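Here the structure comes first, spelled out in structure tokens, and everything after it is commentary.
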Amino acid sequence: MTAFALPAFGSDQPPAFATAHSCRDWLSAQPLANPAQAQALLLRQINLLNRFAIVPAERLKILELLRDPIAFAQTESARKFAGRPLPLAPPEQAGMDTNRTLWQAVQTGYLHCLAACLAGDANLRPHAALIAQRAMGALRAELLDIYRAPTDPPAQLWQTLHRVFSAAEELGALAHPVNDTLQAEHPATSVAAAYAQTLLLHRASPYELSGRQLVQVERWLHRWGGKVAVLNAPPAEPRVPPLVVDPSSNAPETTVAEGGGQLRWLDLSDLSRSVKRRIAHLQRGESPASLGLGEDAVQPGCENLLKQLYQQWFKGGAARLHPRRAGGGTCRLVTGIDAIHYYLSGKIFRQPGQGDAMSKTQADEIATFGRVATRHEEDYSQLQGFMVEEWRVLDESPTGFRLTRPLSQAGGRVGGGQMVAIMPAGSRSFLLAVARWSRLTGGAELQAGIQIMPGNPLSVALRGTGLTAINEKYRPGFRLPAVPALKYPESVIVPAGWFRAGRVIELYDQSARQIRLTQQLDRGNDFERCAFDGV
């Protein structure tokens with residue numbers, strides 16, 4: 001019989017309710033519209049409930065009543081930490097910790113019910129499929145929060161997932177239909193579908209997805225989870241390689257050679273056909289909404305995301321133009337647009353036309369020492385908190401690096417889609433780059449995947465044009481030369497949100513000139529890289 005590590009029951013500290021009726025009354029009197037307050041109230045009561053002996057069927061009814069308010073509070077709380085650069089600030093980390101703790105408490109509640117099913121409770125046995133699906137749903141919700149502030153999932157999470165699967169299998173409940181109202185668009189599901197959803201969410205390389213993409217993938221998996229068949233033997237003629245799991249392990253998937261005990265094979269053939277067919281329809285100009293991909297899915301991002309998922313799910317991971325090789329040594333890195341501009345240009349950013357104006361302090365220094373003291377420039381980076389960090393190179397390719405630094409080392413925060421500057425070993429100047437992903441590993445290190453922007457950057461100043469920009473100040477920017485060998489046009493790095501096809505802006509290098517933005521080549525959280533031409 002499958003065993004779970006669950007808290008023992010007692011009667012010393014009863015929760016505010018011990019029946020579904022009293023739980024409904026309690027909920028109606030609580031200030032649940034305030035997410036933070038609701039979280040604290042719900043967490044306290046469900047923790048008490050998990051340690052209090054009540055009739056198992058009543059426990060299940062109570063947990064079902066609590067699902068909607070818990071889901072609302074958790075979704076709102078996730079806004080504190082989702083998509084934030086790493087490492088998280090203390091309030092953000094506290095928000096994530098609270099979310100995970102509450103999801104774990106919900107898991108424990110349903111695991112109590114599942115354990116009662118395994119022990120032969122006649123009242124709960126008919127609901128075994130629902131109970132196992134709910135436990136997996138809470139576990140996947142915790143996993144989604146882990147990926148929203150990218151961290152390596154603990155081995156215990158996968159162990160629990162596999163044990164819930166094994167319990168449902170033992171109870172003959174894998175394929176029984178279950179209705180899940182939290183999956184509003186596609187409520188029909190099953191334990192097998194929930195199991196596949198969770199494993200495919202991990203296989204989607206979630207660290208490289210934006211918060212919006214992560215939610216999109218989770219929603220698509222609600223629709224597609226039922227297309228995956230869980231088998232006790234390898235599929236006879238699979239269209240694509242199956243996903244192999246070892247239910248006795250603490251890893252999300254395994255290989256036949258590595259696996260022990262009784263392996264399970266998830267046949268992805270139907271899912272691969274469905275995804276490939278949608279990609280083909282999108283390429284023919286059909287709308288994402290007409291293909292069931294969501295009213296908010298837009299092109300070309302929808303098609304690109306599907307292609308990325310197809311590669312991750314069915315082709316063994318992302319295809320690389322350039323092979324990576326094991327790295328060594330260190331790489332210097334700078335975060336923040338202002339700091340990047342400072343270290344790239346070697347001077348403080350000033351409004352064009354004001355650089356020649358001499359302050360009274362500078363005039364006094366020339367009169368006294370015959371020159372302006374350099375300490376102002378030297379102190380500037382310290383006053384602004386700018387710093388050059390040393391990161392260790394894990395692996396590299398001609399276009400990028402995988403870097404790591406200890407969390408104990410002082411440094412800036414790094415998030416996916418953030419512009420950085422790097423100076424590889426042996427180089428004498430910084431290059432512009434993008435952090436495509438970042439994640440915490442082993443609880444002690446920050447890793448980042450860095451993609452270089454080709455060409456030697458030039459620091460410039462930028463501002464808008466037109467009547468609304470008469471008093472607008474210049475902002476730091478960069479210009480990148482054309483790289484014909486890579487088919488990269490000349491481009492300019494502007495602040496996020498600036499691009500509009502045909503927009504005219506002013507670029508100041510040695511002198512001011514107007515340029516017209518023609519195409520958005522790349523977009524991150526704090527920048528846009530645009531092709532341009534002269535006006």
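Residue names in the structure tokens use chain letters A, B, ... in the order shown, residue numbers from 1 in each chain, and ligand numbers from 1 in the order shown.
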- Item | Selection near Ala196 in chain A, 9 Å with only C-alpha atoms, sequence-local residues under 6 positions removed, as a PyMOL selection string | chain A and resi 221+225-226+228-230+266
Save out the residues we just selected, N, CA, C and O atoms, as a JSON list (two decimals), in the first residue's frame.
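For reference, result.json as written:
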```
[["chain", "number", "residue", "atom", "x", "y", "z"],
["A", 221, "LEU", "N", -2.34, 22.89, -21.39],
["A", 221, "LEU", "CA", -2.24, 21.54, -20.82],
["A", 221, "LEU", "C", -3.57, 21.10, -20.21],
["A", 221, "LEU", "O", -3.87, 19.90, -20.17],
["A", 225, "GLY", "N", -4.18, 17.51, -21.72],
["A", 225, "GLY", "CA", -3.70, 16.44, -20.83],
["A", 225, "GLY", "C", -4.31, 15.09, -21.15],
["A", 225, "GLY", "O", -3.65, 14.04, -21.03],
["A", 226, "GLY", "N", -5.57, 15.07, -21.60],
["A", 226, "GLY", "CA", -6.25, 13.83, -21.90],
["A", 226, "GLY", "C", -5.75, 13.15, -23.16],
["A", 226, "GLY", "O", -6.14, 11.99, -23.44],
["A", 228, "VAL", "N", -2.73, 12.27, -23.64],
["A", 228, "VAL", "CA", -1.57, 11.45, -23.27],
["A", 228, "VAL", "C", -2.04, 10.16, -22.62],
["A", 228, "VAL", "O", -2.80, 10.18, -21.65],
["A", 229, "ALA", "N", -1.59, 9.04, -23.16],
["A", 229, "ALA", "CA", -1.95, 7.73, -22.60],
["A", 229, "ALA", "C", -0.84, 7.24, -21.68],
["A", 229, "ALA", "O", 0.34, 7.30, -22.05],
["A", 230, "VAL", "N", -1.20, 6.77, -20.49],
["A", 230, "VAL", "CA", -0.23, 6.21, -19.53],
["A", 230, "VAL", "C", -0.27, 4.69, -19.67],
["A", 230, "VAL", "O", -1.31, 4.06, -19.45],
["A", 266, "LEU", "N", 4.50, 7.26, -20.94],
["A", 266, "LEU", "CA", 3.47, 8.21, -21.35],
["A", 266, "LEU", "C", 3.59, 8.39, -22.87],
["A", 266, "LEU", "O", 4.58, 8.93, -23.36]]
```
- Item | Within 12 Å of Glu286 in chain A using only C-alpha atoms, minus same-chain residues under 3 positions, as a PyMOL selection string | chain A and resi 277-283+289-293+298-300+302-303
For Pro69 in chain A, please output as a PDB file with all heavy atoms, in the first residue's frame all residues within 9 Å (counting only C-alpha atoms; exclusion window: fewer than 4 positions along the same chain).
```pdb
ATOM      1  N   LEU A  27     -16.849  30.720   6.244  1.00  0.00           N
ATOM      2  CA  LEU A  27     -16.395  31.409   5.040  1.00  0.00           C
ATOM      3  C   LEU A  27     -17.206  32.671   4.773  1.00  0.00           C
ATOM      4  O   LEU A  27     -16.668  33.702   4.376  1.00  0.00           O
ATOM      5  CB  LEU A  27     -16.487  30.472   3.830  1.00  0.00           C
ATOM      6  CG  LEU A  27     -15.410  29.388   3.708  1.00  0.00           C
ATOM      7  CD1 LEU A  27     -15.771  28.404   2.606  1.00  0.00           C
ATOM      8  CD2 LEU A  27     -14.044  30.022   3.436  1.00  0.00           C
ATOM      9  N   LEU A  32     -12.564  37.693   2.917  1.00  0.00           N
ATOM     10  CA  LEU A  32     -11.785  36.968   1.919  1.00  0.00           C
ATOM     11  C   LEU A  32     -11.425  37.820   0.706  1.00  0.00           C
ATOM     12  O   LEU A  32     -10.650  37.385  -0.148  1.00  0.00           O
ATOM     13  CB  LEU A  32     -12.534  35.712   1.476  1.00  0.00           C
ATOM     14  CG  LEU A  32     -12.841  34.701   2.591  1.00  0.00           C
ATOM     15  CD1 LEU A  32     -13.587  33.505   2.032  1.00  0.00           C
ATOM     16  CD2 LEU A  32     -11.555  34.252   3.285  1.00  0.00           C
ATOM     17  N   ALA A  33     -12.006  39.026   0.611  1.00  0.00           N
ATOM     18  CA  ALA A  33     -11.654  39.901  -0.521  1.00  0.00           C
ATOM     19  C   ALA A  33     -10.254  40.466  -0.380  1.00  0.00           C
ATOM     20  O   ALA A  33      -9.669  40.936  -1.355  1.00  0.00           O
ATOM     21  CB  ALA A  33     -12.670  41.036  -0.636  1.00  0.00           C
ATOM     22  N   ALA A  38      -6.877  36.848   3.769  1.00  0.00           N
ATOM     23  CA  ALA A  38      -7.521  35.569   3.488  1.00  0.00           C
ATOM     24  C   ALA A  38      -6.512  34.428   3.546  1.00  0.00           C
ATOM     25  O   ALA A  38      -6.806  33.356   4.092  1.00  0.00           O
ATOM     26  CB  ALA A  38      -8.179  35.620   2.113  1.00  0.00           C
ATOM     27  N   GLN A  39      -5.328  34.665   2.983  1.00  0.00           N
ATOM     28  CA  GLN A  39      -4.284  33.644   3.008  1.00  0.00           C
ATOM     29  C   GLN A  39      -3.963  33.216   4.428  1.00  0.00           C
ATOM     30  O   GLN A  39      -3.873  32.022   4.741  1.00  0.00           O
ATOM     31  CB  GLN A  39      -3.025  34.187   2.340  1.00  0.00           C
ATOM     32  CG  GLN A  39      -2.618  33.447   1.107  1.00  0.00           C
ATOM     33  CD  GLN A  39      -1.274  33.925   0.581  1.00  0.00           C
ATOM     34  OE1 GLN A  39      -0.749  34.968   0.970  1.00  0.00           O
ATOM     35  NE2 GLN A  39      -0.710  33.161  -0.311  1.00  0.00           N
ATOM     36  N   LEU A  42      -6.951  31.280   6.015  1.00  0.00           N
ATOM     37  CA  LEU A  42      -7.145  29.960   5.428  1.00  0.00           C
ATOM     38  C   LEU A  42      -6.016  29.006   5.801  1.00  0.00           C
ATOM     39  O   LEU A  42      -6.246  27.822   6.089  1.00  0.00           O
ATOM     40  CB  LEU A  42      -7.244  30.089   3.906  1.00  0.00           C
ATOM     41  CG  LEU A  42      -8.522  30.770   3.398  1.00  0.00           C
ATOM     42  CD1 LEU A  42      -8.359  31.216   1.952  1.00  0.00           C
ATOM     43  CD2 LEU A  42      -9.721  29.829   3.529  1.00  0.00           C
ATOM     44  N   LEU A  65     -15.018  22.965  -0.352  1.00  0.00           N
ATOM     45  CA  LEU A  65     -15.543  24.306  -0.097  1.00  0.00           C
ATOM     46  C   LEU A  65     -14.428  25.351  -0.055  1.00  0.00           C
ATOM     47  O   LEU A  65     -14.628  26.508  -0.445  1.00  0.00           O
ATOM     48  CB  LEU A  65     -16.308  24.329   1.231  1.00  0.00           C
ATOM     49  CG  LEU A  65     -17.685  23.675   1.250  1.00  0.00           C
ATOM     50  CD1 LEU A  65     -18.226  23.631   2.675  1.00  0.00           C
ATOM     51  CD2 LEU A  65     -18.652  24.433   0.334  1.00  0.00           C
ATOM     52  N   ALA A  73      -7.047  33.685  -3.365  1.00  0.00           N
ATOM     53  CA  ALA A  73      -6.010  34.312  -2.544  1.00  0.00           C
ATOM     54  C   ALA A  73      -4.618  34.010  -3.079  1.00  0.00           C
ATOM     55  O   ALA A  73      -3.745  34.889  -3.125  1.00  0.00           O
ATOM     56  CB  ALA A  73      -6.139  33.839  -1.092  1.00  0.00           C
ATOM     57  N   GLN A  74      -4.397  32.783  -3.519  1.00  0.00           N
ATOM     58  CA  GLN A  74      -3.081  32.380  -4.021  1.00  0.00           C
ATOM     59  C   GLN A  74      -2.743  33.089  -5.336  1.00  0.00           C
ATOM     60  O   GLN A  74      -1.598  33.518  -5.547  1.00  0.00           O
ATOM     61  CB  GLN A  74      -3.044  30.869  -4.226  1.00  0.00           C
ATOM     62  CG  GLN A  74      -3.173  30.052  -2.944  1.00  0.00           C
ATOM     63  CD  GLN A  74      -1.891  30.049  -2.131  1.00  0.00           C
ATOM     64  OE1 GLN A  74      -1.591  31.005  -1.422  1.00  0.00           O
ATOM     65  NE2 GLN A  74      -1.130  28.986  -2.234  1.00  0.00           N
TER      66      GLN A  74
END
```
- Item | All residues 7 Å or closer to range 44-49 of chain A, only C-alpha atoms, same chain fewer than 6 positions away omitted, as a list in words |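 So the residues in contact are Gln13, Pro14, Pro15, Ala16 and Ala105 of chain A.
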Range 83-99 of chain A: which residues within 6 Å, counting only C-alpha atoms, same-chain residues fewer than 4 positions away excluded, as a CSV table (one decimal) with N, CA, C and O atoms, in the first residue's frame?
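For reference, selection_24.csv as written:
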```
chain,number,residue,atom,x,y,z
A,148,ARG,N,7.4,30.3,-11.4
A,148,ARG,CA,7.1,31.8,-11.5
A,148,ARG,C,8.3,32.6,-10.9
A,148,ARG,O,8.5,33.7,-11.3
A,211,GLY,N,6.2,34.9,-17.6
A,211,GLY,CA,5.0,34.6,-16.8
A,211,GLY,C,3.8,34.4,-17.6
A,211,GLY,O,3.0,33.5,-17.3
A,413,ARG,N,20.2,41.9,-9.3
A,413,ARG,CA,19.1,40.9,-9.5
A,413,ARG,C,19.0,40.7,-11.0
A,413,ARG,O,19.2,41.6,-11.8
A,414,VAL,N,18.8,39.4,-11.4
A,414,VAL,CA,18.8,39.1,-12.8
A,414,VAL,C,17.5,38.3,-13.1
A,414,VAL,O,17.2,37.4,-12.4
A,415,GLY,N,16.8,38.7,-14.2
A,415,GLY,CA,15.6,38.0,-14.5
A,415,GLY,C,15.6,37.8,-16.0
A,415,GLY,O,16.3,38.4,-16.8
```
- Of the listed residues A:Gln262, A:Gln159, A:Ser205, A:Gln133, that which approaches Pro187 in chain A most closely, counting only C-alpha atoms: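 Of A:Gln262, A:Gln159, A:Ser205, A:Gln133, the one nearest Pro187 in chain A is A:Gln133, counting only C-alpha atoms.
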- Message: Please extract the residues of range 178-401 of chain A with a backbone DSSP assignment of helix (DSSP H, G or I) and present them as JSON, numbers by chain.
- Response: {"A": [191, 192, 193, 194, 195, 196, 197, 198, 199, 200, 201, 202, 203, 206, 207, 208, 211, 212, 213, 214, 215, 216, 217, 218, 219, 220, 221, 222, 223, 224, 225, 226, 227, 269, 270, 271, 272, 273, 274, 275, 276, 277, 278, 279, 280, 281, 282, 283, 289, 290, 291, 301, 302, 303, 304, 305, 306, 307, 308, 309, 310, 311, 312, 313, 314, 337, 338, 339, 340, 341, 342, 343, 344, 345, 360, 361, 362, 363, 364, 365, 366, 367, 368, 369, 375, 376, 377, 378, 379, 380, 381, 382, 383, 384]}
- Message: Just want the 9 Å neighbourhood of Phe401 in chain A, counted on only C-alpha atoms, with same-chain residues fewer than 6 positions away dropped. Output as a list in words.
- Response: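 These residues fall inside the cut-off: Arg324, Gly327, Val393, Leu394, Asp395, Ala448, Gly449, Ile450, Gln451 and Ile452 of chain A.
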Selection file, all heavy atoms, as a tab-separated table (two decimals), in the first residue's frame:
```tsv
chain	number	residue	atom	x	y	z
A	324	ARG	N	27.19	23.86	-27.35
A	324	ARG	CA	27.83	24.40	-26.15
A	324	ARG	C	28.99	23.51	-25.74
A	324	ARG	O	28.96	22.30	-25.95
A	324	ARG	CB	26.83	24.50	-25.00
A	324	ARG	CG	25.81	25.62	-25.18
A	324	ARG	CD	24.98	25.80	-23.93
A	324	ARG	NE	24.04	26.91	-24.06
A	324	ARG	CZ	24.34	28.16	-23.76
A	324	ARG	NH1	25.55	28.47	-23.34
A	324	ARG	NH2	23.44	29.11	-23.89
A	327	GLY	N	32.55	25.19	-19.88
A	327	GLY	CA	33.29	26.44	-19.69
A	327	GLY	C	34.25	26.34	-18.53
A	327	GLY	O	34.36	25.33	-17.85
A	393	VAL	N	31.80	30.69	-15.35
A	393	VAL	CA	31.26	30.16	-16.60
A	393	VAL	C	31.06	28.64	-16.48
A	393	VAL	O	32.02	27.91	-16.24
A	393	VAL	CB	32.19	30.47	-17.79
A	393	VAL	CG1	31.63	29.87	-19.08
A	393	VAL	CG2	32.40	31.97	-17.93
A	394	LEU	N	29.81	28.18	-16.65
A	394	LEU	CA	29.52	26.75	-16.61
A	394	LEU	C	29.67	26.12	-17.98
A	394	LEU	O	30.23	25.03	-18.12
A	394	LEU	CB	28.09	26.52	-16.09
A	394	LEU	CG	27.85	26.92	-14.63
A	394	LEU	CD1	26.37	26.76	-14.29
A	394	LEU	CD2	28.70	26.07	-13.70
A	395	ASP	N	29.14	26.78	-19.00
A	395	ASP	CA	29.36	26.35	-20.38
A	395	ASP	C	29.16	27.54	-21.29
A	395	ASP	O	28.63	28.58	-20.88
A	395	ASP	CB	28.48	25.16	-20.79
A	395	ASP	CG	27.00	25.42	-20.59
A	395	ASP	OD1	26.51	26.45	-21.09
A	395	ASP	OD2	26.32	24.59	-19.96
A	448	ALA	N	22.22	31.85	-14.75
A	448	ALA	CA	21.58	32.64	-15.80
A	448	ALA	C	22.08	32.18	-17.16
A	448	ALA	O	23.25	31.84	-17.33
A	448	ALA	CB	21.88	34.12	-15.61
A	449	GLY	N	21.16	32.15	-18.13
A	449	GLY	CA	21.51	31.88	-19.52
A	449	GLY	C	21.62	33.19	-20.26
A	449	GLY	O	20.66	33.96	-20.32
A	450	ILE	N	22.79	33.48	-20.80
A	450	ILE	CA	23.08	34.78	-21.41
A	450	ILE	C	23.26	34.63	-22.92
A	450	ILE	O	24.04	33.79	-23.38
A	450	ILE	CB	24.37	35.39	-20.80
A	450	ILE	CG1	24.29	35.43	-19.27
A	450	ILE	CG2	24.63	36.77	-21.39
A	450	ILE	CD1	23.20	36.33	-18.72
A	451	GLN	N	22.54	35.45	-23.68
A	451	GLN	CA	22.68	35.47	-25.13
A	451	GLN	C	23.28	36.81	-25.56
A	451	GLN	O	22.75	37.87	-25.23
A	451	GLN	CB	21.33	35.27	-25.81
A	451	GLN	CG	21.43	35.23	-27.34
A	451	GLN	CD	20.08	35.01	-27.99
A	451	GLN	OE1	19.05	34.96	-27.33
A	451	GLN	NE2	20.06	34.88	-29.31
A	452	ILE	N	24.38	36.76	-26.31
A	452	ILE	CA	25.09	37.97	-26.72
A	452	ILE	C	24.38	38.64	-27.89
A	452	ILE	O	23.89	37.99	-28.80
A	452	ILE	CB	26.54	37.64	-27.11
A	452	ILE	CG1	27.29	37.04	-25.91
A	452	ILE	CG2	27.27	38.86	-27.64
A	452	ILE	CD1	28.64	36.46	-26.28
```
- Given the choices A:Ala128, A:Ala40, A:Leu403, A:Met423, which gets closest to Gln447 in chain A if the distance is worked out from only C-alpha atoms?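 Looking only at the distances to Gln447 in chain A, the closest residue turns out to be A:Leu403.
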- Message: As an exercise, work out the distance from CA of Ala194 in chain A to CA of His222 in chain A in Å and give it to one decimal place.
- Response: 8.2 Å
- Item | Computed interatomic separation between CA of Thr255 in chain A and CA of Ile146 in chain A (Å) |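 Separation between CA of Thr255 in chain A and CA of Ile146 in chain A: 24.8 Å.
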- List the neighbours of Thr335 in chain A out to 7 Å using only C-alpha atoms; skip same-chain residues closer than 3 positions along the sequence, and give me the result as a ChimeraX atom specification. /A:339-340,412,420-421
- Task: Find, counting only C-alpha atoms, the residue in A:Leu157, A:Ala29, A:Ala3, A:Leu66 that gets nearest to Leu111 in chain A.
- Result: A:Ala3
- Task: Extract the full set of strand (DSSP E or B) residues from range 58-259 of chain A according to DSSP on the backbone, and format it as a PyMOL selection string.
- Result: chain A and resi 86+151+178-179+188-189+229-231+243-245
- Query: What does the distance between CA of Leu486 in chain A and CA of Met453 in chain A come to in Å, to one decimal place?
  - Reply: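 A separation of 11.0 Å between them.
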